[in-house]
file run-v8.txt (compact mmCIF, C-alpha atoms and all ligand atoms)
# COMPACT_ATOMS: atom_id res chain seq x y z
CA MET A 25 -16.26 1.25 -12.51
CA LYS A 26 -13.58 -1.29 -11.68
CA ASN A 27 -10.06 -0.09 -12.39
CA THR A 28 -7.95 -2.62 -14.25
CA VAL A 29 -4.49 -2.73 -15.79
CA MET A 30 -6.18 -1.33 -18.91
CA THR A 31 -7.26 1.74 -16.92
CA PHE A 32 -3.61 2.28 -16.00
CA LYS A 33 -2.49 1.88 -19.63
CA GLU A 34 -5.16 4.24 -20.96
CA ALA A 35 -4.40 6.89 -18.30
CA LYS A 36 -0.79 7.07 -19.53
CA THR A 37 -1.91 7.33 -23.15
CA LYS A 38 -4.36 10.12 -22.30
CA GLY A 39 -1.94 11.91 -19.94
CA GLU A 40 -4.32 11.50 -16.99
CA LYS A 41 -2.68 11.21 -13.56
CA LEU A 42 -3.15 7.95 -11.66
CA THR A 43 -3.79 7.90 -7.91
CA MET A 44 -2.90 5.15 -5.46
CA LEU A 45 -2.81 4.77 -1.69
CA THR A 46 -1.93 1.88 0.56
CA ALA A 47 -4.51 0.08 2.72
CA TYR A 48 -4.26 -2.92 4.99
CA ASP A 49 -7.79 -3.60 6.26
CA TYR A 50 -11.47 -3.69 5.25
CA SER A 51 -12.80 -0.41 6.65
CA MET A 52 -9.91 1.73 5.41
CA ALA A 53 -10.03 0.05 2.00
CA LYS A 54 -13.74 0.85 1.80
CA LEU A 55 -13.19 4.52 2.68
CA ILE A 56 -10.36 4.90 0.18
CA ASP A 57 -12.30 3.04 -2.52
CA GLU A 58 -15.28 5.39 -2.03
CA SER A 59 -13.00 8.33 -2.82
CA GLU A 60 -12.59 6.93 -6.36
CA ILE A 61 -8.91 6.11 -6.21
CA ASN A 62 -7.44 4.16 -9.14
CA GLY A 63 -5.48 1.63 -7.13
CA ILE A 64 -4.87 0.33 -3.62
CA LEU A 65 -1.55 -1.26 -2.73
CA VAL A 66 -1.53 -3.67 0.16
CA GLY A 67 2.09 -2.76 0.78
CA ASP A 68 4.60 -4.65 2.86
CA SER A 69 4.91 -1.28 4.63
CA LEU A 70 2.29 -3.16 6.66
CA GLY A 71 5.27 -4.40 8.67
CA MET A 72 6.11 -0.89 9.83
CA VAL A 73 2.80 0.99 10.01
CA CYS A 74 0.56 -1.86 11.25
CA LEU A 75 2.85 -4.42 12.88
CA GLY A 76 5.46 -2.10 14.42
CA TYR A 77 8.58 -3.63 12.84
CA GLU A 78 11.59 -1.42 12.03
CA ASP A 79 11.57 -2.46 8.37
CA THR A 80 9.61 -4.63 5.95
CA LEU A 81 11.88 -7.68 6.09
CA SER A 82 9.89 -9.75 8.62
CA VAL A 83 6.60 -9.56 6.72
CA THR A 84 5.41 -13.02 5.61
CA MET A 85 3.21 -14.35 2.82
CA GLU A 86 0.64 -15.23 5.50
CA ASP A 87 0.60 -11.57 6.69
CA MET A 88 0.18 -10.33 3.12
CA ILE A 89 -2.60 -12.77 2.22
CA HIS A 90 -4.50 -12.03 5.45
CA HIS A 91 -4.46 -8.26 4.85
CA THR A 92 -4.94 -8.39 1.08
CA LYS A 93 -8.09 -10.48 1.58
CA ALA A 94 -9.49 -7.88 3.97
CA VAL A 95 -8.73 -5.03 1.57
CA ALA A 96 -10.28 -6.93 -1.34
CA ARG A 97 -13.52 -7.31 0.65
CA GLY A 98 -13.64 -3.53 1.19
CA ALA A 99 -12.54 -2.18 -2.19
CA LYS A 100 -14.80 -2.86 -5.12
CA ASN A 101 -13.51 -0.41 -7.74
CA ALA A 102 -9.82 0.15 -7.09
CA LEU A 103 -7.24 -2.11 -8.70
CA ILE A 104 -5.87 -4.13 -5.78
CA VAL A 105 -2.13 -4.77 -5.83
CA GLY A 106 -0.69 -7.25 -3.32
CA ASP A 107 2.94 -6.70 -2.37
CA MET A 108 5.25 -9.73 -2.52
CA PRO A 109 7.17 -9.85 0.77
CA PHE A 110 10.93 -10.31 1.21
CA MET A 111 12.09 -13.81 0.14
CA SER A 112 8.77 -14.72 -1.48
CA TYR A 113 10.21 -14.23 -5.00
CA GLN A 114 13.99 -13.71 -4.73
CA THR A 115 14.62 -17.41 -3.99
CA SER A 116 13.45 -18.89 -7.33
CA ILE A 117 11.17 -18.42 -10.32
CA TYR A 118 9.05 -21.28 -8.99
CA ASP A 119 8.59 -19.57 -5.59
CA ALA A 120 7.79 -16.28 -7.32
CA VAL A 121 5.01 -17.76 -9.47
CA CYS A 122 3.53 -19.82 -6.60
CA ASN A 123 3.52 -16.89 -4.19
CA ALA A 124 2.17 -14.42 -6.77
CA GLY A 125 -0.56 -16.99 -7.44
CA ARG A 126 -1.39 -17.18 -3.73
CA LEU A 127 -1.88 -13.39 -3.54
CA ILE A 128 -4.37 -13.67 -6.41
CA LYS A 129 -6.14 -16.93 -5.41
CA GLU A 130 -6.17 -16.54 -1.63
CA GLY A 131 -5.74 -12.77 -1.23
CA ASN A 132 -8.07 -11.81 -4.12
CA ALA A 133 -5.58 -9.24 -5.42
CA ASN A 134 -5.79 -8.14 -9.05
CA ALA A 135 -2.04 -7.74 -9.45
CA VAL A 136 1.21 -8.17 -7.52
CA LYS A 137 4.17 -5.87 -6.89
CA LEU A 138 7.77 -6.90 -6.44
CA GLU A 139 10.99 -4.95 -5.92
CA GLY A 140 13.99 -4.85 -8.24
CA GLY A 141 14.94 -4.80 -11.91
CA ALA A 142 17.43 -7.04 -13.74
CA ALA A 143 17.90 -9.29 -10.70
CA VAL A 144 14.24 -10.36 -10.75
CA VAL A 145 13.42 -10.02 -14.44
CA GLU A 146 12.99 -13.78 -14.94
CA GLN A 147 10.54 -13.85 -12.03
CA VAL A 148 8.57 -10.94 -13.56
CA ARG A 149 8.48 -12.68 -16.93
CA ALA A 150 7.25 -15.96 -15.41
CA ILE A 151 4.55 -14.30 -13.28
CA VAL A 152 3.30 -12.31 -16.28
CA LYS A 153 3.31 -15.55 -18.31
CA ALA A 154 1.00 -17.01 -15.64
CA SER A 155 -1.45 -14.17 -16.49
CA ILE A 156 -0.77 -12.26 -13.29
CA PRO A 157 -0.19 -8.51 -13.80
CA VAL A 158 3.07 -7.30 -12.22
CA MET A 159 3.89 -3.84 -10.90
CA GLY A 160 7.64 -3.21 -10.65
CA HIS A 161 9.34 -1.15 -7.95
CA LEU A 162 12.66 0.67 -8.47
CA GLY A 163 14.76 3.26 -6.64
CA LEU A 164 14.65 2.92 -2.89
CA THR A 165 13.42 -0.64 -2.63
CA PRO A 166 12.96 -1.10 1.14
CA GLN A 167 13.59 -4.86 1.05
CA SER A 168 17.20 -3.99 0.09
CA VAL A 169 17.68 -1.69 3.10
CA ASN A 170 20.66 -3.72 4.37
CA ALA A 171 22.33 -3.71 0.95
CA PHE A 172 21.75 0.07 0.57
CA GLY A 173 22.99 0.78 4.12
CA GLY A 174 19.80 2.65 5.01
CA PHE A 175 16.76 4.33 3.47
CA LYS A 176 18.51 6.60 0.93
CA VAL A 177 17.61 8.44 -2.29
CA GLN A 178 18.72 6.34 -5.28
CA GLY A 179 20.00 7.20 -8.77
CA LYS A 180 22.03 10.32 -7.97
CA SER A 181 25.26 9.45 -9.79
CA GLU A 182 25.44 9.08 -13.59
CA ASP A 183 26.01 5.31 -13.31
CA ALA A 184 23.20 4.81 -10.82
CA ALA A 185 20.82 6.96 -12.89
CA ARG A 186 21.67 5.05 -16.11
CA LYS A 187 21.11 1.77 -14.26
CA LEU A 188 17.67 2.91 -13.09
CA ILE A 189 16.67 3.88 -16.65
CA GLU A 190 17.86 0.49 -17.94
CA GLU A 191 16.07 -1.39 -15.16
CA ALA A 192 12.79 0.42 -15.94
CA GLN A 193 13.16 -0.60 -19.59
CA ILE A 194 13.97 -4.17 -18.57
CA LEU A 195 10.80 -4.33 -16.45
CA GLU A 196 8.70 -2.93 -19.29
CA GLU A 197 10.18 -5.46 -21.72
CA ALA A 198 9.45 -8.28 -19.23
CA GLY A 199 5.77 -7.31 -19.23
CA ALA A 200 5.29 -5.22 -16.07
CA PHE A 201 2.15 -3.05 -16.38
CA ALA A 202 3.48 -0.19 -14.18
CA ILE A 203 6.52 0.72 -12.09
CA VAL A 204 6.71 2.38 -8.67
CA LEU A 205 9.63 4.82 -8.47
CA GLU A 206 10.55 5.46 -4.84
CA CYS A 207 12.98 8.16 -3.65
CA VAL A 208 14.39 8.99 -7.06
CA PRO A 209 15.43 12.55 -8.07
CA ALA A 210 12.42 14.25 -9.71
CA LYS A 211 14.16 15.02 -13.02
CA LEU A 212 15.39 11.43 -13.34
CA ALA A 213 11.90 10.07 -12.59
CA GLU A 214 10.52 12.37 -15.29
CA LEU A 215 13.08 11.07 -17.77
CA ILE A 216 12.29 7.43 -16.90
CA THR A 217 8.60 8.24 -17.31
CA ARG A 218 9.29 9.50 -20.85
CA LYS A 219 11.46 6.50 -21.71
CA VAL A 220 8.91 3.79 -20.84
CA SER A 221 5.42 3.33 -22.26
CA ILE A 222 4.01 1.87 -19.00
CA PRO A 223 2.88 4.21 -16.19
CA THR A 224 5.32 5.22 -13.45
CA ILE A 225 3.86 5.70 -9.98
CA GLY A 226 5.99 7.99 -7.85
CA ILE A 227 6.61 8.19 -4.12
CA GLY A 228 9.31 10.74 -3.42
CA ALA A 229 9.93 10.94 -7.17
CA GLY A 230 8.40 14.30 -8.08
CA LYS A 231 5.42 15.31 -10.17
CA GLY A 232 6.77 14.09 -13.51
CA CYS A 233 5.56 10.54 -12.83
CA ASP A 234 2.31 9.27 -14.36
CA GLY A 235 0.78 8.80 -10.92
CA GLN A 236 1.44 9.03 -7.20
CA ILE A 237 1.21 6.72 -4.22
CA LEU A 238 1.46 7.41 -0.47
CA VAL A 239 1.14 5.31 2.66
CA TYR A 240 -2.22 6.40 4.10
CA GLN A 241 -0.98 6.67 7.70
CA ASP A 242 1.70 9.13 6.49
CA MET A 243 -0.66 11.38 4.53
CA LEU A 244 -3.27 11.41 7.31
CA GLY A 245 -0.82 12.12 10.14
CA MET A 246 -1.40 8.76 11.82
CA PHE A 247 2.21 7.53 11.99
CA SER A 248 4.76 9.51 13.94
CA ASP A 249 7.81 7.18 14.17
CA PHE A 250 9.40 9.09 11.27
CA LYS A 251 8.25 11.43 8.47
CA PRO A 252 9.97 11.07 5.10
CA LYS A 253 10.68 14.37 3.23
CA PHE A 254 8.34 13.37 0.38
CA VAL A 255 5.26 13.03 2.59
CA LYS A 256 2.62 15.75 2.57
CA GLN A 257 0.19 15.50 5.45
CA PHE A 258 -3.23 16.14 3.90
CA SER A 259 -5.14 15.85 7.16
CA ASP A 260 -4.33 15.48 10.87
CA VAL A 261 -6.43 12.43 11.58
CA GLY A 262 -3.97 11.34 14.26
CA HIS A 263 -4.80 14.49 16.24
CA HIS A 264 -8.57 13.91 15.90
CA MET A 265 -8.13 10.29 16.99
CA ARG A 266 -6.14 11.28 20.09
CA GLU A 267 -8.82 13.87 20.94
CA GLY A 268 -11.55 11.25 20.51
CA PHE A 269 -9.73 8.72 22.72
CA LYS A 270 -9.21 11.35 25.45
CA GLN A 271 -12.86 12.41 25.37
CA TYR A 272 -14.02 8.78 25.60
CA ILE A 273 -11.81 8.19 28.66
CA GLU A 274 -13.04 11.41 30.32
CA GLU A 275 -16.71 10.58 29.70
CA VAL A 276 -16.39 7.00 30.97
CA LYS A 277 -14.64 8.22 34.11
CA ALA A 278 -17.20 11.00 34.61
CA GLY A 279 -20.11 8.56 34.08
CA SER A 280 -21.55 10.54 31.15
CA PHE A 281 -20.95 7.68 28.71
CA PRO A 282 -22.82 5.43 28.12
CA SER A 283 -26.00 7.49 28.44
CA LYS A 284 -29.70 6.42 28.07
CA GLU A 285 -29.53 6.46 24.25
CA HIS A 286 -26.81 3.77 24.27
CA GLU A 287 -28.63 1.41 26.64
CA PHE A 288 -30.83 -1.67 25.95
CA LYS A 289 -34.12 -2.04 27.87
CA ILE A 290 -35.51 -4.95 29.88
CA ASN A 291 -39.16 -5.37 30.83
CA GLU A 292 -39.67 -4.04 34.42
CA GLU A 293 -41.76 -7.15 35.37
CA VAL A 294 -38.89 -9.43 34.39
CA LEU A 295 -36.48 -7.25 36.32
CA GLU A 296 -38.58 -7.27 39.51
CA LYS A 297 -38.51 -11.07 39.60
CA LEU A 298 -34.72 -10.98 39.71
CA TYR A 299 -34.47 -8.97 42.97
O1 LIG B 1 5.01 -1.20 0.85
C1 LIG B 1 4.62 -0.12 0.40
O2 LIG B 1 3.74 0.55 0.97
C2 LIG B 1 5.22 0.37 -0.83
C3 LIG B 1 4.91 1.77 -1.25
C4 LIG B 1 5.64 2.71 -0.39
C5 LIG B 1 5.15 1.98 -2.68
O3 LIG B 1 5.95 -0.34 -1.45
call {"tool": "encode", "arguments": {"input": "run-v8.txt", "output": "structure tokens"}}
result
Amino acid sequence: MKNTVMTFKEAKTKGEKLTMLTAYDYSMAKLIDESEINGILVGDSLGMVCLGYEDTLSVTMEDMIHHTKAVARGAKNALIVGDMPFMSYQTSIYDAVCNAGRLIKEGNANAVKLEGGAAVVEQVRAIVKASIPVMGHLGLTPQSVNAFGGFKVQGKSEDAARKLIEEAQILEEAGAFAIVLECVPAKLAELITRKVSIPTIGIGAGKGCDGQILVYQDMLGMFSDFKPKFVKQFSDVGHHMREGFKQYIEEVKAGSFPSKEHEFKINEEVLEKLY
């Protein structure tokens, strides 16, 4: 059954945990979708895990539409959330609505995600008014890495914690259907989760959130540039891939691959005429 924003709302009401992972292409989206996940985020983490940038700032609308389209072709049941890249919504309400619309019309996403609270509340309101579901994102918002001075846990002081609670309430009031809480102390994330009626989706925010999200390359051991503290590696796919690549190289060099079973035949009479 297709997951929708209603599925997310009902899960919070029933106290059922929501599950999300990122995906960036067709085949991975299909695999994740088959595991009956609630939602797939085509995150702008794409910039780091797929495109090799140091941060998410260089990701463009064209990048996001291209990858969101591929994910949408692969995932039939998960709610597909397209991430709005840096400067696609901060510049104006008009830009925000147009670019959110492009992720829906051209990328075939079901919803969009954008980072920030009070600073982007008018954008959230306008996108929601255009009938596009919005997922908020608070705490460590990677598009603000330069303003934060690095990738750091947010909301540790009383003022910062109060601000995060207020921003979550502002997003809820503006019509967001869910909020990602990234790198927020677990007890604060739990408190925010109690103070809003929309689901919170945690990443580095403890188990008190209504759901969890991870970047799939992190949880499968496929990305080794850095490993955030909040990541649990559920499988070592990276190791199996390296083993597979090595074996392929060995077999090609040894002449054992391709073997008869991988070959196509030609009629001997045709062949003879060619000599
Ligand atoms: O871009 C992304 O993958 C994200 C998640 C880490 C929440 O924003």
call {"tool": "atom_distance", "arguments": {"input": "run-v8.txt", "atom1": "CA of Pro223 in chain A", "atom2": "CA of Arg126 in chain A"}}
result
25.1 Å
call {"tool": "residues_around", "arguments": {"input": "run-v8.txt", "residues": "Pro109 in chain A", "least_positions_apart": "5", "cutoff": "10 Å", "atoms": "all atoms listed in the file", "output": "PyMOL selection string"}}
result
chain A and resi 67-69+71+80-88+114+123+137-139+167
call {"tool": "residues_near_ligand", "arguments": {"input": "run-v8.txt", "ligand": "ligand LIG 1 (chain B)", "cutoff": "10 Å", "atoms": "all atoms listed in the file", "output": "ChimeraX atom specification"}}
result
/A:44-48,64-73,80,106-109,137-139,160-162,164-167,203-207,225-228,236-240
call {"tool": "atom_distance", "arguments": {"input": "run-v8.txt", "atom1": "CA of Ala135 in chain A", "atom2": "CA of Met52 in chain A"}}
result
19.3 Å
call {"tool": "atom_distance", "arguments": {"input": "run-v8.txt", "atom1": "CA of Cys233 in chain A", "atom2": "CA of Asp183 in chain A"}}
result
21.1 Å
call {"tool": "residues_around", "arguments": {"input": "run-v8.txt", "residues": "Gln178 in chain A", "least_positions_apart": "5", "cutoff": "8 Å", "atoms": "all atoms listed in the file", "output": "ChimeraX atom specification"}}
result
/A:163-164,184-185,207-209
call {"tool": "closest_residue", "arguments": {"input": "run-v8.txt", "among": "A:Glu60, A:Glu196, A:Asp49, A:Glu182", "to": "Thr217 in chain A", "atoms": "all atoms listed in the file"}}
result
A:Glu196
call {"tool": "closest_residue", "arguments": {"input": "run-v8.txt", "among": "A:Ser155, A:Thr92, A:Asn134, A:Gln271", "to": "Val121 in chain A", "atoms": "all atoms listed in the file"}}
result
A:Ser155
call {"tool": "decode", "arguments": {"input": "run-v8.txt", "residues": "range 114-211 of chain A", "atoms": "C-alpha atoms", "output": "mmCIF file, in the first residue's frame"}}
result
data_model
loop_
_atom_site.group_PDB
_atom_site.id
_atom_site.type_symbol
_atom_site.label_atom_id
_atom_site.label_comp_id
_atom_site.auth_asym_id
_atom_site.auth_seq_id
_atom_site.Cartn_x
_atom_site.Cartn_y
_atom_site.Cartn_z
ATOM 1 C CA GLN A 114 16.036 30.689 0.786
ATOM 2 C CA THR A 115 16.017 33.376 -1.935
ATOM 3 C CA SER A 116 12.249 34.070 -2.060
ATOM 4 C CA ILE A 117 8.799 32.631 -1.489
ATOM 5 C CA TYR A 118 8.311 32.611 -5.259
ATOM 6 C CA ASP A 119 11.490 30.545 -5.819
ATOM 7 C CA ALA A 120 10.469 28.178 -3.022
ATOM 8 C CA VAL A 121 7.038 27.448 -4.514
ATOM 9 C CA CYS A 122 8.369 27.112 -8.091
ATOM 10 C CA ASN A 123 11.192 24.783 -7.069
ATOM 11 C CA ALA A 124 8.994 22.688 -4.766
ATOM 12 C CA GLY A 125 6.589 22.408 -7.699
ATOM 13 C CA ARG A 126 9.402 21.210 -9.975
ATOM 14 C CA LEU A 127 10.302 18.394 -7.546
ATOM 15 C CA ILE A 128 6.670 17.255 -7.682
ATOM 16 C CA LYS A 129 5.959 17.815 -11.417
ATOM 17 C CA GLU A 130 9.322 16.836 -12.894
ATOM 18 C CA GLY A 131 10.795 14.677 -10.112
ATOM 19 C CA ASN A 132 7.533 12.873 -9.259
ATOM 20 C CA ALA A 133 8.117 13.342 -5.523
ATOM 21 C CA ASN A 134 5.160 13.161 -3.151
ATOM 22 C CA ALA A 135 6.529 15.787 -0.779
ATOM 23 C CA VAL A 136 9.497 18.123 -0.347
ATOM 24 C CA LYS A 137 11.892 18.754 2.538
ATOM 25 C CA LEU A 138 13.578 22.014 3.398
ATOM 26 C CA GLU A 139 15.904 23.085 6.201
ATOM 27 C CA GLY A 140 15.215 25.702 8.866
ATOM 28 C CA GLY A 141 12.453 27.070 11.085
ATOM 29 C CA ALA A 142 11.381 30.702 11.551
ATOM 30 C CA ALA A 143 13.656 31.918 8.738
ATOM 31 C CA VAL A 144 11.763 29.871 6.138
ATOM 32 C CA VAL A 145 8.301 29.734 7.677
ATOM 33 C CA GLU A 146 6.734 31.901 4.944
ATOM 34 C CA GLN A 147 8.188 29.567 2.313
ATOM 35 C CA VAL A 148 6.742 26.530 4.147
ATOM 36 C CA ARG A 149 3.338 28.203 4.391
ATOM 37 C CA ALA A 150 3.306 29.090 0.677
ATOM 38 C CA ILE A 151 4.406 25.607 -0.467
ATOM 39 C CA VAL A 152 1.766 23.967 1.737
ATOM 40 C CA LYS A 153 -0.801 26.428 0.320
ATOM 41 C CA ALA A 154 0.147 25.124 -3.143
ATOM 42 C CA SER A 155 -0.933 21.641 -1.917
ATOM 43 C CA ILE A 156 2.613 20.332 -1.661
ATOM 44 C CA PRO A 157 3.369 18.477 1.604
ATOM 45 C CA VAL A 158 6.440 19.848 3.406
ATOM 46 C CA MET A 159 8.800 18.004 5.729
ATOM 47 C CA GLY A 160 10.801 20.366 7.962
ATOM 48 C CA HIS A 161 14.386 19.815 9.080
ATOM 49 C CA LEU A 162 15.822 21.235 12.323
ATOM 50 C CA GLY A 163 18.959 20.808 14.428
ATOM 51 C CA LEU A 164 22.080 20.241 12.393
ATOM 52 C CA THR A 165 20.880 21.541 9.050
ATOM 53 C CA PRO A 166 23.840 20.782 6.740
ATOM 54 C CA GLN A 167 23.085 23.667 4.360
ATOM 55 C CA SER A 168 24.037 25.995 7.262
ATOM 56 C CA VAL A 169 27.425 24.318 7.795
ATOM 57 C CA ASN A 170 29.302 27.597 7.233
ATOM 58 C CA ALA A 171 27.064 29.485 9.664
ATOM 59 C CA PHE A 172 27.427 26.716 12.299
ATOM 60 C CA GLY A 173 31.211 26.520 11.807
ATOM 61 C CA GLY A 174 31.082 22.781 11.142
ATOM 62 C CA PHE A 175 28.862 19.728 11.545
ATOM 63 C CA LYS A 176 27.975 20.069 15.260
ATOM 64 C CA VAL A 177 25.261 18.823 17.634
ATOM 65 C CA GLN A 178 22.622 21.555 18.041
ATOM 66 C CA GLY A 179 20.358 22.618 20.926
ATOM 67 C CA LYS A 180 22.711 21.993 23.859
ATOM 68 C CA SER A 181 22.309 25.307 25.700
ATOM 69 C CA GLU A 182 19.003 26.394 27.272
ATOM 70 C CA ASP A 183 18.548 29.168 24.691
ATOM 71 C CA ALA A 184 19.363 26.912 21.754
ATOM 72 C CA ALA A 185 17.085 24.161 23.076
ATOM 73 C CA ARG A 186 14.182 26.616 23.596
ATOM 74 C CA LYS A 187 14.721 27.941 20.069
ATOM 75 C CA LEU A 188 14.540 24.415 18.622
ATOM 76 C CA ILE A 189 11.268 23.715 20.466
ATOM 77 C CA GLU A 190 9.811 27.008 19.193
ATOM 78 C CA GLU A 191 10.982 26.349 15.634
ATOM 79 C CA ALA A 192 9.344 22.891 15.655
ATOM 80 C CA GLN A 193 6.078 24.502 16.793
ATOM 81 C CA ILE A 194 6.419 27.199 14.124
ATOM 82 C CA LEU A 195 6.848 24.532 11.428
ATOM 83 C CA GLU A 196 3.840 22.598 12.699
ATOM 84 C CA GLU A 197 1.734 25.766 12.723
ATOM 85 C CA ALA A 198 2.870 26.554 9.148
ATOM 86 C CA GLY A 199 1.519 23.188 7.994
ATOM 87 C CA ALA A 200 4.585 20.899 7.815
ATOM 88 C CA PHE A 201 3.500 17.229 7.958
ATOM 89 C CA ALA A 202 6.697 15.989 9.694
ATOM 90 C CA ILE A 203 10.052 17.288 10.934
ATOM 91 C CA VAL A 204 13.515 15.739 10.655
ATOM 92 C CA LEU A 205 15.556 16.322 13.820
ATOM 93 C CA GLU A 206 19.263 15.923 13.077
ATOM 94 C CA CYS A 207 22.014 15.796 15.719
ATOM 95 C CA VAL A 208 19.873 16.962 18.614
ATOM 96 C CA PRO A 209 20.339 15.659 22.202
ATOM 97 C CA ALA A 210 18.054 12.636 22.676
ATOM 98 C CA LYS A 211 16.120 14.069 25.649
#
